[in-house]
$ cat model-v9.txt   # compact mmCIF, C-alpha atoms
# COMPACT_ATOMS: atom_id res chain seq x y z
CA MET E 1 -61.45 209.63 112.22
CA GLN E 2 -64.09 211.75 113.84
CA PHE E 3 -63.22 215.44 113.70
CA HIS E 4 -65.18 218.42 114.96
CA ILE E 5 -63.37 221.52 113.72
CA ARG E 6 -65.06 224.83 114.52
CA LYS E 7 -65.36 227.35 111.70
CA THR E 8 -65.02 230.32 114.02
CA PRO E 9 -63.34 229.17 117.25
CA ILE E 10 -63.90 231.34 120.30
CA THR E 11 -61.46 229.43 122.53
CA PRO E 12 -58.03 227.86 121.91
CA LEU E 13 -59.18 224.48 123.26
CA ILE E 14 -58.73 221.04 121.67
CA ILE E 15 -59.80 217.63 122.97
CA SER E 16 -58.20 214.49 121.59
CA ILE E 17 -59.32 210.91 122.29
CA PRO E 18 -56.79 208.76 120.41
CA HIS E 19 -57.67 205.31 121.81
CA ALA E 20 -61.48 205.32 121.57
CA GLY E 21 -61.59 203.57 118.19
CA SER E 22 -63.14 200.14 117.70
CA TYR E 23 -62.87 199.78 113.91
CA TYR E 24 -60.77 196.93 112.45
CA PRO E 25 -60.01 197.35 108.72
CA LYS E 26 -60.02 194.37 106.37
CA GLU E 27 -56.24 194.66 105.86
CA PHE E 28 -55.74 194.03 109.56
CA LEU E 29 -58.26 191.18 109.68
CA LYS E 30 -56.38 189.44 106.89
CA TYR E 31 -53.22 189.07 108.97
CA LYS E 32 -54.44 188.86 112.56
CA SER E 33 -54.47 185.59 114.46
CA ILE E 34 -56.05 186.75 117.71
CA ASP E 35 -59.79 186.71 118.36
CA ILE E 36 -61.12 190.23 117.76
CA LYS E 37 -63.13 190.04 120.98
CA LYS E 38 -59.88 189.81 122.96
CA LEU E 39 -58.65 193.07 121.50
CA LYS E 40 -61.50 194.94 123.15
CA ILE E 41 -59.44 195.20 126.34
CA MET E 42 -56.87 197.30 124.47
CA GLU E 43 -59.47 199.91 123.52
CA ASP E 44 -60.20 202.88 125.76
CA PHE E 45 -63.77 201.65 125.95
CA LYS E 46 -66.42 204.35 125.49
CA THR E 47 -64.03 207.22 126.17
CA ASP E 48 -65.65 209.06 123.27
CA THR E 49 -68.80 209.29 125.42
CA PHE E 50 -66.91 211.20 128.13
CA ILE E 51 -67.51 214.41 126.18
CA ASP E 52 -71.17 213.79 125.33
CA LYS E 53 -72.31 216.81 127.35
CA ILE E 54 -69.74 219.42 126.39
CA ASN E 55 -70.58 222.57 124.46
CA LEU E 56 -69.14 221.92 120.99
CA ASN E 57 -68.74 225.65 120.39
CA LEU E 58 -65.97 225.66 122.97
CA ALA E 59 -63.59 222.97 121.67
CA ASP E 60 -62.28 221.22 118.59
CA ILE E 61 -62.55 217.43 118.84
CA PHE E 62 -60.25 214.70 117.49
CA ILE E 63 -61.46 211.12 118.04
CA ALA E 64 -59.83 208.00 116.61
CA GLU E 65 -62.08 205.65 114.70
CA CYS E 66 -59.58 202.84 114.13
CA SER E 67 -58.62 200.61 117.08
CA ARG E 68 -55.29 201.25 118.77
CA ALA E 69 -54.59 197.53 118.25
CA VAL E 70 -54.28 198.39 114.54
CA VAL E 71 -52.51 201.76 114.73
CA ASP E 72 -51.67 203.54 117.98
CA LEU E 73 -51.99 207.30 117.52
CA ASN E 74 -50.30 207.93 120.87
CA ARG E 75 -46.95 206.64 119.60
CA SER E 76 -44.21 208.08 117.44
CA ARG E 77 -44.54 207.20 113.74
CA GLN E 78 -41.04 205.72 114.06
CA SER E 79 -42.05 203.39 116.89
CA LEU E 80 -41.81 200.27 114.74
CA ASP E 81 -40.60 196.76 115.57
CA ASP E 82 -38.28 195.40 112.87
CA SER E 83 -39.03 191.81 113.83
CA MET E 84 -42.70 192.15 112.81
CA PHE E 85 -41.98 192.69 109.12
CA ASN E 86 -40.64 190.68 106.19
CA SER E 87 -37.60 192.87 105.63
CA LYS E 88 -35.66 195.45 107.59
CA ILE E 89 -37.21 198.89 107.91
CA LYS E 90 -35.55 202.26 108.31
CA THR E 91 -36.38 204.11 111.53
CA THR E 92 -34.91 207.06 113.38
CA PRO E 93 -34.06 207.11 117.11
CA HIS E 94 -36.96 207.73 119.49
CA GLU E 95 -37.96 207.33 123.14
CA GLU E 96 -40.25 204.32 122.89
CA VAL E 97 -37.87 201.35 122.86
CA LEU E 98 -39.39 199.73 125.95
CA LEU E 99 -42.89 200.03 124.50
CA ILE E 100 -41.76 198.31 121.30
CA LYS E 101 -40.19 195.49 123.30
CA SER E 102 -43.54 195.07 125.06
CA GLY E 103 -45.28 194.81 121.70
CA LEU E 104 -46.84 198.26 122.00
CA GLY E 105 -45.36 200.30 119.18
CA VAL E 106 -47.28 202.37 116.66
CA ILE E 107 -48.34 199.06 115.06
CA PRO E 108 -48.78 196.81 118.12
CA SER E 109 -47.65 193.17 117.96
CA LYS E 110 -49.14 191.97 121.24
CA CYS E 111 -52.34 192.16 123.24
CA TYR E 112 -50.83 191.73 126.68
CA THR E 113 -48.98 188.38 126.26
CA GLU E 114 -50.79 187.14 123.15
CA GLU E 115 -49.43 187.71 119.65
CA ILE E 116 -51.77 189.72 117.40
CA PHE E 117 -50.51 188.50 114.01
CA LYS E 118 -50.15 184.99 112.60
CA SER E 119 -46.94 185.72 110.70
CA LYS E 120 -44.53 188.46 109.70
CA LEU E 121 -46.17 191.33 107.85
CA PRO E 122 -45.36 192.62 104.37
CA ASN E 123 -43.62 195.98 104.50
CA PHE E 124 -46.33 197.71 102.45
CA TYR E 125 -48.69 197.02 105.36
CA ILE E 126 -46.79 199.58 107.46
CA SER E 127 -47.10 202.43 104.98
CA LYS E 128 -50.72 201.63 104.18
CA MET E 129 -51.85 201.61 107.83
CA LEU E 130 -49.87 204.70 108.78
CA GLU E 131 -50.88 206.72 105.73
CA LYS E 132 -54.53 205.81 106.13
CA TYR E 133 -55.04 206.02 109.90
CA TYR E 134 -52.05 207.75 111.53
CA ASP E 135 -51.07 210.60 109.23
CA PRO E 136 -54.50 212.23 108.80
CA PHE E 137 -54.97 212.49 112.58
CA HIS E 138 -51.58 214.03 113.32
CA LYS E 139 -51.45 216.29 110.27
CA LYS E 140 -54.86 217.73 111.10
CA LEU E 141 -54.04 218.04 114.82
CA SER E 142 -50.72 219.77 114.15
CA LYS E 143 -52.35 222.16 111.69
CA ARG E 144 -55.10 223.01 114.18
CA ILE E 145 -52.65 223.65 117.00
CA ASN E 146 -50.74 226.05 114.78
CA TYR E 147 -53.92 227.82 113.69
CA LEU E 148 -55.28 228.30 117.21
CA LYS E 149 -51.91 229.51 118.44
CA SER E 150 -51.74 232.07 115.63
CA LYS E 151 -55.26 233.23 116.48
CA PHE E 152 -55.11 233.25 120.30
CA GLY E 153 -51.41 233.17 121.12
CA VAL E 154 -51.94 230.07 123.25
CA VAL E 155 -53.36 226.54 122.92
CA TYR E 156 -54.84 224.12 125.47
CA LEU E 157 -55.16 220.46 124.55
CA ILE E 158 -56.75 217.78 126.76
CA ASP E 159 -55.77 214.25 125.73
CA ILE E 160 -58.32 211.77 127.15
CA HIS E 161 -57.65 208.11 127.95
CA SER E 162 -58.82 205.31 130.18
CA THR E 163 -56.60 202.80 131.94
CA PRO E 164 -57.06 199.28 133.26
CA THR E 165 -56.55 198.86 136.97
CA LEU E 166 -52.89 197.95 137.37
CA SER E 167 -53.19 196.96 141.02
CA ASN E 168 -54.74 193.86 142.56
CA ASN E 169 -56.12 196.16 145.20
CA ASN E 170 -58.52 198.45 143.33
CA LYS E 171 -58.88 200.68 146.39
CA ASN E 172 -55.31 201.87 146.02
CA PHE E 173 -55.43 202.59 142.29
CA PRO E 174 -56.19 206.22 141.37
CA ASP E 175 -59.48 207.12 139.73
CA VAL E 176 -57.78 209.86 137.72
CA ILE E 177 -54.18 210.24 136.57
CA ILE E 178 -53.13 213.64 135.27
CA GLY E 179 -49.92 213.78 133.24
CA ASP E 180 -48.01 216.88 132.18
CA ASN E 181 -44.68 215.24 131.30
CA PHE E 182 -43.33 216.25 134.71
CA GLY E 183 -44.11 219.92 134.17
CA LYS E 184 -42.75 220.17 130.62
CA SER E 185 -46.00 219.99 128.62
CA SER E 186 -48.17 222.55 130.38
CA GLU E 187 -48.28 225.64 132.52
CA GLU E 188 -49.16 225.02 136.17
CA ASN E 189 -52.44 226.96 136.09
CA PHE E 190 -53.95 224.69 133.43
CA LYS E 191 -52.95 221.56 135.32
CA ASN E 192 -54.24 222.94 138.62
CA ASP E 193 -57.59 223.88 137.08
CA LEU E 194 -58.06 220.30 135.90
CA ILE E 195 -56.98 218.90 139.26
CA ASN E 196 -59.54 221.08 141.06
CA HIS E 197 -62.39 219.85 138.87
CA PHE E 198 -61.66 216.25 139.80
CA LYS E 199 -61.10 217.12 143.46
CA ASN E 200 -64.66 218.45 143.52
CA LEU E 201 -65.82 214.88 142.82
CA ASP E 202 -63.71 213.54 145.69
CA LEU E 203 -61.82 211.20 143.37
CA ARG E 204 -58.46 209.56 144.04
CA LEU E 205 -55.94 211.61 142.06
CA SER E 206 -52.40 210.92 140.96
CA ILE E 207 -50.04 213.26 139.12
CA ASN E 208 -47.63 211.78 136.55
CA SER E 209 -47.82 208.31 138.11
CA PRO E 210 -48.05 205.71 136.68
CA TYR E 211 -48.45 207.79 133.49
CA SER E 212 -46.83 211.17 132.80
CA GLY E 213 -48.23 211.54 129.27
CA GLY E 214 -47.74 209.65 126.03
CA TYR E 215 -46.50 210.69 122.62
CA ILE E 216 -49.21 213.32 122.05
CA THR E 217 -48.37 215.02 125.35
CA ARG E 218 -44.61 214.90 124.73
CA LYS E 219 -44.78 215.84 121.04
CA TYR E 220 -47.17 218.78 121.18
CA GLY E 221 -46.95 219.95 124.79
CA LYS E 222 -44.43 222.82 124.87
CA LYS E 223 -45.32 225.22 127.64
CA ASP E 224 -42.44 227.55 126.70
CA LYS E 225 -44.14 227.94 123.30
CA ASN E 226 -47.63 228.44 124.80
CA VAL E 227 -48.90 225.02 123.71
CA ASN E 228 -50.25 223.33 126.83
CA VAL E 229 -51.11 219.63 126.74
CA ILE E 230 -52.43 217.55 129.62
CA GLN E 231 -53.13 213.82 129.47
CA ILE E 232 -56.05 212.63 131.59
CA GLU E 233 -56.45 208.92 132.35
CA ILE E 234 -59.69 207.73 133.93
CA SER E 235 -59.53 204.34 135.64
CA LYS E 236 -61.72 201.85 133.79
CA ASN E 237 -62.74 200.42 137.14
CA TYR E 238 -64.32 203.77 138.01
CA TYR E 239 -66.78 203.97 135.11
CA MET E 240 -67.13 200.36 133.90
CA ASN E 241 -66.89 196.71 134.86
CA GLU E 242 -63.54 195.60 133.45
CA ASN E 243 -64.66 191.99 133.12
CA ASN E 244 -67.97 192.31 131.27
CA PHE E 245 -67.69 195.90 129.93
CA GLU E 246 -70.92 197.01 131.59
CA LEU E 247 -70.94 200.74 132.24
CA LYS E 248 -71.40 202.05 135.78
CA GLU E 249 -73.42 205.01 137.02
CA ASN E 250 -70.14 206.80 137.63
CA LEU E 251 -69.93 207.45 133.89
CA ILE E 252 -72.33 210.36 134.38
CA ASN E 253 -69.83 211.92 136.81
CA VAL E 254 -67.13 211.69 134.15
CA LYS E 255 -69.40 213.32 131.55
CA ASN E 256 -70.31 216.10 133.96
CA VAL E 257 -66.73 216.86 134.94
CA PHE E 258 -65.63 217.23 131.32
CA LYS E 259 -68.65 219.43 130.62
CA SER E 260 -67.62 221.60 133.54
CA ILE E 261 -63.95 221.66 132.54
CA VAL E 262 -64.77 222.90 129.04
CA GLU E 263 -67.16 225.57 130.32
CA LYS E 264 -64.70 226.86 132.91
CA LEU E 265 -61.80 226.84 130.49
CA ASN E 266 -63.83 229.02 128.17
CA VAL E 267 -63.59 231.85 130.70
CA LYS E 268 -59.90 231.23 131.40
CA THR E 269 -58.74 230.88 127.80
CA SER E 270 -60.75 233.89 126.62
CA ILE E 271 -58.87 236.00 129.14
CA ALA E 272 -55.55 234.46 128.10
CA ALA E 273 -56.29 235.26 124.48
CA GLU E 274 -56.74 239.00 125.04
$ encode --input "model-v9.txt" --output "structure tokens"
Amino acid sequence: MQFHIRKTPITPLIISIPHAGSYYPKEFLKYKSIDIKKLKIMEDFKTDTFIDKINLNLADIFIAECSRAVVDLNRSRQSLDDSMFNSKIKTTPHEEVLLIKSGLGVIPSKCYTEEIFKSKLPNFYISKMLEKYYDPFHKKLSKRINYLKSKFGVVYLIDIHSTPTLSNNNKNFPDVIIGDNFGKSSEENFKNDLINHFKNLDLRLSINSPYSGGYITRKYGKKDKNVNVIQIEISKNYYMNENNFELKENLINVKNVFKSIVEKLNVKTSIAAE
């Protein structure tokens, strides 16, 4: 994990980038059957660079190091597929049944249509991967949310992702998708501020479609408790070539907009904290 935790925070702002990781631990390599190069398409390629220009005094940063093909931090810890493991596992009910069926649980089984593993996995693999790569991220994030809320009375979390173009006609696919769990995860003012920043770049915007926010947004975003979480998806086609992974000049626009968002939110959140 890559964490930037401020010693004396002056704003209640957190940025999380849970799918930026490109590390594949030896435990995973032992069981995988798929070519590692193919898994690159599952990563939110270079999303960690989106915040290269922000003022680090204004936000805490949580960036995943491990690939989401190994452990997906934007899933419930209970989002496990029984059929992947040697013996039955105990889980509790959750909302991610369709994701599991698609092979996209907390420990993914598929990269699109291709199986990731060569055989069923030993059950100890689950606990090892989750304890090493999942738990530290969420324990630290939850603790930080609680601390900032106690200090400022309010928290703002921006959860950054990138998405492949899901349409054959790239012109119709949004450049930016902003998700607030259909109004449940954030106050309107926070969402509208983010929308306005992207409107200034004349980008194609969509709200809650096709993504309304993943596990991080749903788990932590509770506007009635003053914890505001917004998921932002940037279309991969906007900042990179999806076929050869070459970055486009538009990446600088993405860096600039996040720099601006953080600077503007400093003014807003300081007022909210008083």
$ closest_atom_pairs --input "model-v9.txt" --of "range 196-227 of chain E" --to "range 88-112 of chain E" --cutoff "12 Å" --atoms "all atoms listed in the file" --output "CSV"
residue,atom,partner,partner_atom,distance
E:Gly214,CA,E:Glu96,CA,9.7
E:Tyr215,CA,E:Glu96,CA,8.9
E:Arg218,CA,E:Glu95,CA,10.2
E:Lys219,CA,E:Glu95,CA,11.1
$ atom_distance --input "model-v9.txt" --atom1 "CA of Met84 in chain E" --atom2 "CA of His138 in chain E"
23.6 Å
$ closest_residue --input "model-v9.txt" --among "E:Asp52, E:Glu187, E:Asp60, E:Asp193" --to "Ile252 in chain E" --atoms "only C-alpha atoms"
E:Asp52
$ closest_residue --input "model-v9.txt" --among "E:Lys139, E:Lys225, E:Arg204, E:Lys40" --to "Lys184 in chain E" --atoms "all atoms listed in the file"
E:Lys225
$ closest_residue --input "model-v9.txt" --among "E:Leu265, E:Ile230, E:Leu157, E:Ile10" --to "Ile177 in chain E" --atoms "only C-alpha atoms"
E:Ile230
$ closest_residue --input "model-v9.txt" --among "E:Thr49, E:Asn192, E:Ser150, E:Asn86" --to "Asn253 in chain E" --atoms "all atoms listed in the file"
E:Thr49
$ atom_distance --input "model-v9.txt" --atom1 "CA of Gly213 in chain E" --atom2 "CA of Asn181 in chain E"
5.5 Å
$ atom_distance --input "model-v9.txt" --atom1 "CA of Tyr133 in chain E" --atom2 "CA of Arg75 in chain E"
12.6 Å
$ closest_residue --input "model-v9.txt" --among "E:Val70, E:Ile5, E:Ala64, E:Leu13" --to "Val154 in chain E" --atoms "only C-alpha atoms"
E:Leu13
$ closest_residue --input "model-v9.txt" --among "E:Gln231, E:Ser22, E:Ser186, E:Thr11" --to "Leu56 in chain E" --atoms "all atoms listed in the file"
E:Thr11
$ residues_around --input "model-v9.txt" --residues "Phe45 in chain E" --least-positions-apart "5" --cutoff "12 Å" --atoms "only C-alpha atoms" --output "PDB file with C-alpha atoms, in the frame of the given file"
ATOM      1  CA  ILE E  17     -59.320 210.910 122.290  1.00  0.00           C
ATOM      2  CA  PRO E  18     -56.790 208.760 120.410  1.00  0.00           C
ATOM      3  CA  HIS E  19     -57.670 205.310 121.810  1.00  0.00           C
ATOM      4  CA  ALA E  20     -61.480 205.320 121.570  1.00  0.00           C
ATOM      5  CA  GLY E  21     -61.590 203.570 118.190  1.00  0.00           C
ATOM      6  CA  SER E  22     -63.140 200.140 117.700  1.00  0.00           C
ATOM      7  CA  LEU E  39     -58.650 193.070 121.500  1.00  0.00           C
ATOM      8  CA  LYS E  40     -61.500 194.940 123.150  1.00  0.00           C
ATOM      9  CA  PHE E  50     -66.910 211.200 128.130  1.00  0.00           C
ATOM     10  CA  ALA E  64     -59.830 208.000 116.610  1.00  0.00           C
ATOM     11  CA  SER E  67     -58.620 200.610 117.080  1.00  0.00           C
ATOM     12  CA  ARG E  68     -55.290 201.250 118.770  1.00  0.00           C
ATOM     13  CA  ILE E 160     -58.320 211.770 127.150  1.00  0.00           C
ATOM     14  CA  HIS E 161     -57.650 208.110 127.950  1.00  0.00           C
ATOM     15  CA  SER E 162     -58.820 205.310 130.180  1.00  0.00           C
ATOM     16  CA  THR E 163     -56.600 202.800 131.940  1.00  0.00           C
ATOM     17  CA  PRO E 164     -57.060 199.280 133.260  1.00  0.00           C
ATOM     18  CA  ILE E 234     -59.690 207.730 133.930  1.00  0.00           C
ATOM     19  CA  SER E 235     -59.530 204.340 135.640  1.00  0.00           C
ATOM     20  CA  LYS E 236     -61.720 201.850 133.790  1.00  0.00           C
ATOM     21  CA  ASN E 237     -62.740 200.420 137.140  1.00  0.00           C
ATOM     22  CA  TYR E 239     -66.780 203.970 135.110  1.00  0.00           C
ATOM     23  CA  MET E 240     -67.130 200.360 133.900  1.00  0.00           C
ATOM     24  CA  ASN E 241     -66.890 196.710 134.860  1.00  0.00           C
ATOM     25  CA  GLU E 242     -63.540 195.600 133.450  1.00  0.00           C
ATOM     26  CA  ASN E 244     -67.970 192.310 131.270  1.00  0.00           C
ATOM     27  CA  PHE E 245     -67.690 195.900 129.930  1.00  0.00           C
ATOM     28  CA  GLU E 246     -70.920 197.010 131.590  1.00  0.00           C
ATOM     29  CA  LEU E 247     -70.940 200.740 132.240  1.00  0.00           C
ATOM     30  CA  LEU E 251     -69.930 207.450 133.890  1.00  0.00           C
TER      31      LEU E 251
END
$ residues_around --input "model-v9.txt" --residues "Asn226 in chain E" --least-positions-apart "6" --cutoff "12 Å" --atoms "all atoms listed in the file" --output "MDAnalysis selection string"
chainID E and resid 12 145:146 148:150 152:157 184:188 190 220 269 272:273
$ residues_around --input "model-v9.txt" --residues "Met129 in chain E" --least-positions-apart "5" --cutoff "10 Å" --atoms "all atoms listed in the file" --output "NGL selection string"
:E and (25 or 27-28 or 70-71 or 106-107 or 124 or 134-135)
$ axis_aligned_box --input "model-v9.txt" --around "range 7-25 of chain E" --padding-each-side "5 Å" --output "AutoDock Vina command-line options"
--center_x -61.1 --center_y 214.1 --center_z 116.0 --size_x 18.6 --size_y 44.4 --size_z 24.5
$ residues_around --input "model-v9.txt" --residues "Lys30 in chain E" --least-positions-apart "3" --cutoff "12 Å" --atoms "only C-alpha atoms" --output "ChimeraX atom specification"
/E:24-27,33-34,36,70,116-119,121-122,125
